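The data block below is query-v1.pdb; it holds PDB, C-alpha atoms and all ligand atoms.
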```pdb
ATOM      1  CA  MET A 218     252.093 -71.654   1.333
ATOM      2  CA  MET A 219     251.144 -73.820  -1.585
ATOM      3  CA  SER A 220     252.994 -73.121  -4.817
ATOM      4  CA  LYS A 221     251.376 -70.950  -7.417
ATOM      5  CA  LYS A 222     251.319 -73.763  -9.958
ATOM      6  CA  TRP A 223     249.395 -75.949  -7.579
ATOM      7  CA  ASN A 224     247.202 -73.038  -6.711
ATOM      8  CA  PHE A 225     246.425 -72.538 -10.398
ATOM      9  CA  MET A 226     245.628 -76.198 -10.993
ATOM     10  CA  LEU A 227     243.520 -76.347  -7.885
ATOM     11  CA  MET A 228     241.616 -73.343  -9.085
ATOM     12  CA  LEU A 229     240.819 -74.846 -12.446
ATOM     13  CA  VAL A 230     239.705 -78.115 -10.971
ATOM     14  CA  THR A 231     237.560 -76.713  -8.245
ATOM     15  CA  VAL A 232     236.369 -73.254  -9.019
ATOM     16  CA  PHE A 233     233.603 -74.159 -11.369
ATOM     17  CA  ALA A 234     232.569 -77.149  -9.338
ATOM     18  CA  LEU A 235     231.688 -74.909  -6.453
ATOM     19  CA  ALA A 236     228.430 -73.123  -6.352
ATOM     20  CA  GLY A 237     227.787 -70.608  -3.628
ATOM     21  CA  CYS A 238     230.118 -70.047  -0.736
ATOM     22  CA  ALA A 239     233.160 -72.269  -0.531
ATOM     23  CA  SER A 240     234.155 -73.280   2.925
ATOM     24  CA  ASN A 241     236.973 -75.606   2.191
ATOM     25  CA  GLY A 242     239.612 -73.936   0.189
ATOM     26  CA  SER A 243     241.422 -70.830  -0.841
ATOM     27  CA  PRO A 244     243.956 -70.549  -3.623
ATOM     28  CA  THR A 245     246.651 -71.222  -1.103
ATOM     29  CA  GLY A 246     245.127 -73.740   1.204
ATOM     30  CA  GLY A 247     242.792 -76.633   1.669
ATOM     31  CA  ALA A 248     242.595 -78.622  -1.531
ATOM     32  CA  SER A 249     238.975 -79.201  -2.250
ATOM     33  CA  SER A 250     237.726 -82.661  -2.886
ATOM     34  CA  THR A 251     234.246 -81.396  -3.560
ATOM     35  CA  PRO A 252     232.741 -83.581  -6.243
ATOM     36  CA  ALA A 253     231.906 -81.799  -9.460
ATOM     37  CA  SER A 254     228.316 -81.028  -8.742
ATOM     38  CA  SER A 255     226.299 -79.163 -11.284
ATOM     39  CA  PRO A 256     226.586 -75.441 -10.579
ATOM     40  CA  ALA A 257     223.717 -74.853 -12.983
ATOM     41  CA  ALA A 258     221.401 -77.098 -11.041
ATOM     42  CA  SER A 259     222.301 -75.681  -7.667
ATOM     43  CA  SER A 260     221.861 -72.079  -8.751
ATOM     44  CA  ALA A 261     218.926 -72.516 -11.051
ATOM     45  CA  PRO A 262     216.459 -69.672 -10.962
ATOM     46  CA  SER A 263     213.937 -70.283  -8.248
ATOM     47  CA  THR A 264     211.801 -67.236  -8.844
ATOM     48  CA  ALA A 265     210.622 -65.735 -12.084
ATOM     49  CA  LYS A 266     210.862 -62.009 -12.720
ATOM     50  CA  PRO A 267     207.685 -60.365 -11.454
ATOM     51  CA  ALA A 268     205.155 -59.767 -14.197
ATOM     52  CA  GLY A 269     205.123 -56.286 -15.694
ATOM     53  CA  GLY A 270     208.824 -55.346 -15.366
ATOM     54  CA  ALA A 271     211.385 -56.182 -18.011
ATOM     55  CA  SER A 272     214.226 -58.233 -16.655
ATOM     56  CA  VAL A 273     217.675 -56.658 -16.540
ATOM     57  CA  LEU A 274     218.754 -59.220 -19.156
ATOM     58  CA  ASP A 275     216.040 -57.871 -21.505
ATOM     59  CA  GLU A 276     217.218 -54.323 -20.831
ATOM     60  CA  ILE A 277     220.841 -55.258 -21.546
ATOM     61  CA  LYS A 278     219.822 -56.858 -24.832
ATOM     62  CA  SER A 279     217.616 -54.003 -25.978
ATOM     63  CA  ARG A 280     220.230 -51.346 -25.138
ATOM     64  CA  GLY A 281     222.971 -53.532 -26.670
ATOM     65  CA  LYS A 282     225.431 -52.840 -23.881
ATOM     66  CA  LEU A 283     226.415 -54.455 -20.600
ATOM     67  CA  VAL A 284     227.088 -51.946 -17.809
ATOM     68  CA  VAL A 285     229.486 -53.437 -15.279
ATOM     69  CA  GLY A 286     230.712 -52.101 -11.948
ATOM     70  CA  VAL A 287     234.432 -52.777 -11.606
ATOM     71  CA  LYS A 288     237.278 -51.630  -9.429
ATOM     72  CA  PHE A 289     239.563 -48.864 -10.707
ATOM     73  CA  ASP A 290     241.898 -49.128  -7.693
ATOM     74  CA  THR A 291     242.916 -52.777  -7.601
ATOM     75  CA  LYS A 292     245.958 -53.909  -9.540
ATOM     76  CA  LEU A 293     245.562 -57.348 -11.167
ATOM     77  CA  PHE A 294     241.737 -57.173 -10.924
ATOM     78  CA  GLY A 295     240.612 -53.714 -12.038
ATOM     79  CA  LEU A 296     243.041 -50.812 -12.210
ATOM     80  CA  LYS A 297     242.731 -47.638 -14.231
ATOM     81  CA  ASN A 298     245.925 -47.102 -16.147
ATOM     82  CA  PRO A 299     246.939 -43.514 -15.314
ATOM     83  CA  THR A 300     248.606 -43.026 -18.704
ATOM     84  CA  GLY A 301     246.222 -44.513 -21.238
ATOM     85  CA  GLY A 302     243.102 -44.337 -19.088
ATOM     86  CA  GLU A 303     242.028 -47.937 -19.784
ATOM     87  CA  VAL A 304     240.901 -50.131 -16.932
ATOM     88  CA  GLU A 305     242.701 -53.464 -16.823
ATOM     89  CA  GLY A 306     242.731 -56.698 -14.879
ATOM     90  CA  PHE A 307     241.294 -60.135 -14.283
ATOM     91  CA  ASP A 308     237.793 -58.879 -13.438
ATOM     92  CA  ILE A 309     237.828 -56.621 -16.500
ATOM     93  CA  ASP A 310     238.671 -59.514 -18.807
ATOM     94  CA  ILE A 311     235.988 -61.683 -17.193
ATOM     95  CA  ALA A 312     233.444 -58.869 -17.643
ATOM     96  CA  LYS A 313     234.398 -58.395 -21.308
ATOM     97  CA  ALA A 314     234.197 -62.128 -21.940
ATOM     98  CA  LEU A 315     230.697 -62.132 -20.427
ATOM     99  CA  ALA A 316     229.680 -59.239 -22.699
ATOM    100  CA  LYS A 317     230.800 -61.406 -25.599
ATOM    101  CA  GLU A 318     228.769 -64.351 -24.294
ATOM    102  CA  ILE A 319     225.639 -62.284 -23.693
ATOM    103  CA  LEU A 320     225.797 -59.751 -26.550
ATOM    104  CA  GLY A 321     228.206 -61.366 -29.017
ATOM    105  CA  ASP A 322     230.823 -58.624 -28.747
ATOM    106  CA  GLU A 323     233.233 -57.866 -25.905
ATOM    107  CA  LYS A 324     233.189 -54.184 -26.874
ATOM    108  CA  LYS A 325     229.506 -53.907 -26.013
ATOM    109  CA  ILE A 326     230.394 -52.992 -22.463
ATOM    110  CA  GLU A 327     230.600 -49.944 -20.248
ATOM    111  CA  LEU A 328     232.833 -50.121 -17.198
ATOM    112  CA  LYS A 329     231.811 -47.966 -14.244
ATOM    113  CA  GLU A 330     233.939 -47.453 -11.170
ATOM    114  CA  VAL A 331     232.750 -49.000  -7.938
ATOM    115  CA  THR A 332     234.466 -49.262  -4.591
ATOM    116  CA  SER A 333     233.830 -51.896  -1.956
ATOM    117  CA  LYS A 334     231.427 -49.498  -0.264
ATOM    118  CA  THR A 335     229.560 -48.156  -3.316
ATOM    119  CA  ARG A 336     229.055 -51.361  -5.297
ATOM    120  CA  ILE A 337     225.798 -52.643  -3.763
ATOM    121  CA  PRO A 338     224.142 -49.181  -3.616
ATOM    122  CA  MET A 339     225.056 -48.626  -7.281
ATOM    123  CA  LEU A 340     223.504 -51.959  -8.196
ATOM    124  CA  ASP A 341     220.371 -51.114  -6.210
ATOM    125  CA  ASN A 342     220.117 -47.737  -7.987
ATOM    126  CA  LYS A 343     220.369 -49.522 -11.339
ATOM    127  CA  GLU A 344     223.501 -47.577 -12.248
ATOM    128  CA  ILE A 345     225.093 -50.906 -13.161
ATOM    129  CA  ASP A 346     223.789 -54.290 -14.336
ATOM    130  CA  MET A 347     226.294 -56.316 -12.370
ATOM    131  CA  ILE A 348     229.346 -56.148 -10.131
ATOM    132  CA  VAL A 349     232.565 -57.868 -11.154
ATOM    133  CA  ALA A 350     234.796 -56.434  -8.462
ATOM    134  CA  THR A 351     236.681 -58.813  -6.134
ATOM    135  CA  MET A 352     233.428 -59.384  -4.291
ATOM    136  CA  THR A 353     233.175 -62.217  -1.805
ATOM    137  CA  ILE A 354     230.008 -64.276  -1.677
ATOM    138  CA  THR A 355     228.734 -64.086   1.901
ATOM    139  CA  GLU A 356     225.478 -65.119   3.532
ATOM    140  CA  GLU A 357     224.863 -61.511   4.559
ATOM    141  CA  ARG A 358     225.325 -60.198   1.019
ATOM    142  CA  LYS A 359     223.172 -62.996  -0.414
ATOM    143  CA  LYS A 360     220.246 -61.306   1.309
ATOM    144  CA  GLN A 361     220.900 -58.180  -0.782
ATOM    145  CA  VAL A 362     222.039 -59.479  -4.199
ATOM    146  CA  GLU A 363     222.022 -62.534  -6.462
ATOM    147  CA  PHE A 364     225.465 -64.095  -6.882
ATOM    148  CA  SER A 365     226.869 -66.106  -9.754
ATOM    149  CA  ASP A 366     228.796 -69.289  -9.151
ATOM    150  CA  VAL A 367     232.269 -68.825  -7.654
ATOM    151  CA  TYR A 368     234.696 -67.549 -10.305
ATOM    152  CA  PHE A 369     237.781 -66.937  -8.155
ATOM    153  CA  LYS A 370     238.992 -68.030  -4.743
ATOM    154  CA  ALA A 371     241.030 -65.783  -2.502
ATOM    155  CA  GLY A 372     241.753 -65.615   1.227
ATOM    156  CA  GLN A 373     242.452 -62.705   3.524
ATOM    157  CA  SER A 374     246.102 -61.937   4.298
ATOM    158  CA  LEU A 375     248.399 -59.183   5.515
ATOM    159  CA  LEU A 376     250.751 -56.872   3.632
ATOM    160  CA  VAL A 377     253.693 -55.389   5.538
ATOM    161  CA  LYS A 378     256.898 -53.513   4.830
ATOM    162  CA  LYS A 379     259.729 -56.022   4.433
ATOM    163  CA  GLY A 380     261.412 -56.575   7.797
ATOM    164  CA  SER A 381     258.240 -55.885   9.778
ATOM    165  CA  PRO A 382     257.891 -57.766  13.082
ATOM    166  CA  ILE A 383     254.400 -58.802  11.899
ATOM    167  CA  LYS A 384     254.763 -62.273  10.429
ATOM    168  CA  SER A 385     251.188 -63.506  10.657
ATOM    169  CA  VAL A 386     247.768 -62.526  11.972
ATOM    170  CA  ALA A 387     248.837 -63.755  15.441
ATOM    171  CA  ASP A 388     251.160 -60.718  15.600
ATOM    172  CA  VAL A 389     248.278 -58.275  15.071
ATOM    173  CA  LYS A 390     247.497 -57.172  18.621
ATOM    174  CA  LYS A 391     246.573 -54.232  20.803
ATOM    175  CA  GLY A 392     248.490 -51.233  19.486
ATOM    176  CA  THR A 393     248.865 -52.601  15.944
ATOM    177  CA  LYS A 394     247.493 -50.178  13.370
ATOM    178  CA  VAL A 395     245.725 -52.067  10.604
ATOM    179  CA  LEU A 396     244.702 -50.407   7.341
ATOM    180  CA  ALA A 397     241.619 -51.658   5.491
ATOM    181  CA  VAL A 398     238.939 -50.517   3.062
ATOM    182  CA  LYS A 399     235.355 -49.520   3.896
ATOM    183  CA  GLY A 400     232.717 -51.998   2.801
ATOM    184  CA  ALA A 401     235.162 -54.909   2.543
ATOM    185  CA  THR A 402     234.726 -58.202   4.372
ATOM    186  CA  SER A 403     238.307 -57.686   5.580
ATOM    187  CA  VAL A 404     237.243 -55.196   8.258
ATOM    188  CA  ALA A 405     234.917 -57.519  10.177
ATOM    189  CA  ASN A 406     237.269 -60.461   9.629
ATOM    190  CA  ILE A 407     240.273 -58.729  11.176
ATOM    191  CA  LYS A 408     238.142 -57.399  14.040
ATOM    192  CA  ALA A 409     237.104 -60.977  14.779
ATOM    193  CA  LYS A 410     240.709 -62.233  14.664
ATOM    194  CA  SER A 411     242.351 -59.315  16.434
ATOM    195  CA  PRO A 412     239.702 -57.455  18.426
ATOM    196  CA  ASP A 413     242.184 -55.169  20.198
ATOM    197  CA  ALA A 414     243.965 -53.867  17.102
ATOM    198  CA  THR A 415     243.245 -50.354  15.792
ATOM    199  CA  ILE A 416     241.566 -50.417  12.366
ATOM    200  CA  LEU A 417     241.855 -47.432  10.018
ATOM    201  CA  GLU A 418     239.410 -47.573   7.101
ATOM    202  CA  PHE A 419     239.961 -45.959   3.688
ATOM    203  CA  ASP A 420     237.691 -45.400   0.680
ATOM    204  CA  ASN A 421     239.750 -47.440  -1.746
ATOM    205  CA  TYR A 422     242.790 -49.706  -1.997
ATOM    206  CA  GLN A 423     245.204 -47.203  -3.504
ATOM    207  CA  ASP A 424     244.546 -44.772  -0.624
ATOM    208  CA  ALA A 425     245.047 -47.566   1.905
ATOM    209  CA  PHE A 426     248.291 -48.604   0.218
ATOM    210  CA  SER A 427     249.547 -44.989   0.113
ATOM    211  CA  ALA A 428     248.859 -44.778   3.849
ATOM    212  CA  LEU A 429     250.879 -47.958   4.457
ATOM    213  CA  LYS A 430     253.747 -46.576   2.388
ATOM    214  CA  ALA A 431     253.575 -43.324   4.353
ATOM    215  CA  GLY A 432     253.924 -45.259   7.608
ATOM    216  CA  GLN A 433     250.399 -44.517   8.834
ATOM    217  CA  GLY A 434     249.816 -48.166   9.694
ATOM    218  CA  ASP A 435     251.698 -51.370  10.469
ATOM    219  CA  THR A 436     249.878 -53.612   8.030
ATOM    220  CA  LEU A 437     247.229 -53.535   5.315
ATOM    221  CA  THR A 438     244.724 -56.345   5.253
ATOM    222  CA  THR A 439     242.553 -57.664   2.431
ATOM    223  CA  ASP A 440     242.461 -60.610   0.010
ATOM    224  CA  ASN A 441     245.864 -62.142  -0.783
ATOM    225  CA  ALA A 442     245.356 -61.719  -4.537
ATOM    226  CA  ILE A 443     244.781 -57.954  -4.114
ATOM    227  CA  LEU A 444     247.880 -57.719  -1.923
ATOM    228  CA  TYR A 445     249.926 -59.511  -4.602
ATOM    229  CA  GLY A 446     248.982 -56.643  -6.919
ATOM    230  CA  MET A 447     250.406 -54.170  -4.387
ATOM    231  CA  MET A 448     253.613 -56.211  -4.233
ATOM    232  CA  VAL A 449     253.892 -55.724  -7.989
ATOM    233  CA  GLN A 450     253.505 -51.986  -7.448
ATOM    234  CA  ASP A 451     256.164 -51.753  -4.728
ATOM    235  CA  LYS A 452     258.701 -54.452  -3.977
ATOM    236  CA  ASN A 453     259.434 -53.091  -0.498
ATOM    237  CA  PHE A 454     256.229 -54.736   0.685
ATOM    238  CA  GLU A 455     255.371 -58.395   1.150
ATOM    239  CA  VAL A 456     252.485 -60.661   2.040
ATOM    240  CA  VAL A 457     253.050 -62.553   5.305
ATOM    241  CA  GLY A 458     251.439 -65.553   6.998
ATOM    242  CA  GLU A 459     248.807 -67.902   5.664
ATOM    243  CA  PRO A 460     245.416 -66.666   4.483
ATOM    244  CA  PHE A 461     243.053 -66.670   7.465
ATOM    245  CA  THR A 462     239.668 -66.607   5.679
ATOM    246  CA  ASP A 463     238.027 -67.987   2.531
ATOM    247  CA  GLU A 464     236.945 -65.301   0.068
ATOM    248  CA  PRO A 465     235.131 -66.927  -2.864
ATOM    249  CA  TYR A 466     234.366 -64.261  -5.474
ATOM    250  CA  GLY A 467     231.015 -64.043  -7.209
ATOM    251  CA  ILE A 468     229.486 -61.715  -9.765
ATOM    252  CA  ALA A 469     226.629 -59.836  -8.110
ATOM    253  CA  MET A 470     223.336 -58.924  -9.739
ATOM    254  CA  LYS A 471     220.261 -57.185  -8.436
ATOM    255  CA  LYS A 472     218.092 -59.275  -6.144
ATOM    256  CA  GLY A 473     215.492 -61.242  -8.110
ATOM    257  CA  GLU A 474     217.362 -61.071 -11.447
ATOM    258  CA  THR A 475     217.572 -64.811 -11.763
ATOM    259  CA  THR A 476     217.367 -64.830 -15.570
ATOM    260  CA  LEU A 477     220.511 -62.729 -15.744
ATOM    261  CA  GLN A 478     222.086 -64.899 -13.055
ATOM    262  CA  ALA A 479     221.456 -68.001 -15.167
ATOM    263  CA  ALA A 480     222.920 -66.283 -18.258
ATOM    264  CA  VAL A 481     226.034 -65.276 -16.315
ATOM    265  CA  ASN A 482     226.520 -68.775 -14.908
ATOM    266  CA  ASP A 483     226.087 -70.193 -18.375
ATOM    267  CA  GLY A 484     228.680 -67.701 -19.685
ATOM    268  CA  LEU A 485     231.138 -68.625 -16.934
ATOM    269  CA  LYS A 486     230.771 -72.315 -17.753
ATOM    270  CA  LYS A 487     231.480 -71.617 -21.414
ATOM    271  CA  LEU A 488     234.588 -69.604 -20.525
ATOM    272  CA  GLU A 489     235.796 -72.535 -18.486
ATOM    273  CA  SER A 490     235.129 -75.200 -21.107
ATOM    274  CA  SER A 491     236.621 -73.133 -23.941
ATOM    275  CA  GLY A 492     239.853 -72.611 -21.990
ATOM    276  CA  GLN A 493     239.389 -68.859 -21.963
ATOM    277  CA  TYR A 494     239.050 -68.696 -18.200
ATOM    278  CA  ALA A 495     242.434 -70.429 -17.856
ATOM    279  CA  LYS A 496     244.006 -67.911 -20.233
ATOM    280  CA  ILE A 497     242.637 -64.936 -18.344
ATOM    281  CA  TYR A 498     243.745 -66.488 -15.058
ATOM    282  CA  GLU A 499     247.253 -67.102 -16.312
ATOM    283  CA  LYS A 500     247.537 -63.612 -17.794
ATOM    284  CA  TRP A 501     246.761 -61.822 -14.540
ATOM    285  CA  ILE A 502     247.162 -64.202 -11.621
ATOM    286  CA  GLY A 503     249.465 -66.982 -12.823
ATOM    287  CA  LYS A 504     252.357 -64.583 -13.298
ATOM    288  CA  ALA A 505     251.864 -62.505 -10.161
ATOM    289  CA  PRO A 506     254.466 -62.840  -7.391
ATOM    290  CA  THR A 507     253.286 -64.346  -4.136
ATOM    291  CA  LYS A 508     256.567 -63.787  -2.279
TER     292      LYS A 508
HETATM  293  N1  LIG B 601     236.702 -59.804  -1.241
HETATM  294  C1  LIG B 601     236.526 -58.896  -0.154
HETATM  295  C2  LIG B 601     235.157 -58.247  -0.206
HETATM  296  O1  LIG B 601     234.358 -58.548  -1.041
HETATM  297  C3  LIG B 601     237.617 -57.851  -0.100
HETATM  298  C4  LIG B 601     237.925 -57.199  -1.420
HETATM  299  C5  LIG B 601     237.062 -55.998  -1.691
HETATM  300  O2  LIG B 601     237.057 -55.080  -0.867
HETATM  301  O3  LIG B 601     236.434 -55.970  -2.739
HETATM  302  O4  LIG B 601     234.821 -57.471   0.625
END
```
Write out the structure in this file as structure tokens.
Amino acid sequence: MMSKKWNFMLMLVTVFALAGCASNGSPTGGASSTPASSPAASSAPSTAKPAGGASVLDEIKSRGKLVVGVKFDTKLFGLKNPTGGEVEGFDIDIAKALAKEILGDEKKIELKEVTSKTRIPMLDNKEIDMIVATMTITEERKKQVEFSDVYFKAGQSLLVKKGSPIKSVADVKKGTKVLAVKGATSVANIKAKSPDATILEFDNYQDAFSALKAGQGDTLTTDNAILYGMMVQDKNFEVVGEPFTDEPYGIAMKKGETTLQAAVNDGLKKLESSGQYAKIYEKWIGKAPTK
């Protein structure tokens, strides 16, 4: 596995040069030599908002608040602190920074809980303006939502109890009980890799992790960066093997909201050029253990 320092540098160099789905790199593998194309050009709005309806960006501005769907169950990305009640993580800081870019104040934000399964329906129902919640850009999802440029690159891995005979995805076979979360890309990915394994699906990551700790499964599978957060929560567990998929994260907006999409991409570019993205990355991801 590539060192975290390298991973971090790789991220900074490549993440904003990649628009859409990355096929050649995860934080831990496959250095990208993709030339720095213009993400703005490649994701420029192609359709205008239909006449008559206000765009979501107009609504955000007139209400003076950005309503963002985030995870409450994912340490390092979006986790509700049980003591103070605040929600904290990389995605939260990115969302706040975007509120500052769009509305001039990072406090002009409301964070609503989404899970992997509820996030697109909540966007469709207009309960939230956007999703900033460890969400992979996929071709399938692109049919349902507009995505920003890639803002984080992960890859699917496995979490096991230390000492487990499972050392990589090759060890996930018939009889292996794999824990995963409903609505995540991880479910179809592991089915494709290990079709004979038994998959048990949970509503959220903390429930899946509790089940692993209770011995209800042999391994928990999702993005490596999410699993690193679980390692922080309990040192008896470790991530094994190399990531076996690319999971480029994007911010999702309602289909057709290309004005908002352009504003978000513009905001992301500013966070990158001001060095704020690097600070947020270092705060949450740079310090996380990978072993
Ligand atoms: N990034 C993957 C996905 O979007 C897994 C993490 C998640 O469940 O949010 O499905």
How many Å lie between CA of Thr476 in chain A and CA of Val273 in chain A, rounded to one decimal?
8.2 Å
Applied to this file, what does the PyMOL selection byres (((chain A and resi 387) around 12) and not hetatm) return in terms of residues, put as a list of chain:residue names?
A:Ser374, A:Leu375, A:Pro382, A:Ile383, A:Lys384, A:Ser385, A:Val386, A:Asp388, A:Val389, A:Lys390, A:Lys391, A:Thr393, A:Ile407, A:Lys410, A:Ser411, A:Pro412, A:Asp413, A:Ala414, A:Val457, A:Gly458, A:Glu459, A:Pro460, A:Phe461
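When CA of Val456 in chain A is paired with CA of Phe426 in chain A, their separation reads 12.9 Å.
Minimum distance to ligand LIG 601 (chain B) across A:Thr300, A:Gln373, A:Ser365, A:Asn342 (counting all atoms listed in the file) occurs at A:Gln373.
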Would you name the residues within 9 Å of ligand LIG 601 (chain B), counting only C-alpha atoms and all ligand atoms, and put them as a ChimeraX atom specification?
/A:288,291,332-334,350-355,371-373,397-404,421-422,439-440,443,464-467
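The environment of Asp275 in chain A within 10 Å, counting only C-alpha atoms and disregarding residues fewer than 5 places along the same chain, consists of A:Gly270, A:Arg280, A:Gly281, A:Thr476, A:Leu477.
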I'd like the residues picked by the PyMOL selection byres (((chain A and resi 318) around 10) and not hetatm) written out as an MDAnalysis selection string, using the chain letters and numbers from the file.
chainID A and resid 312:317 319:323 480:481 483:485 487:488
Do you have the CA of Ile311 in chain A-CA of Lys282 in chain A distance handy?
15.3 Å
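Proximity ranking of A:Arg358, A:Leu396, A:Leu376, A:Phe289 relative to Ala428 in chain A places A:Leu396 first, based on all atoms listed in the file.
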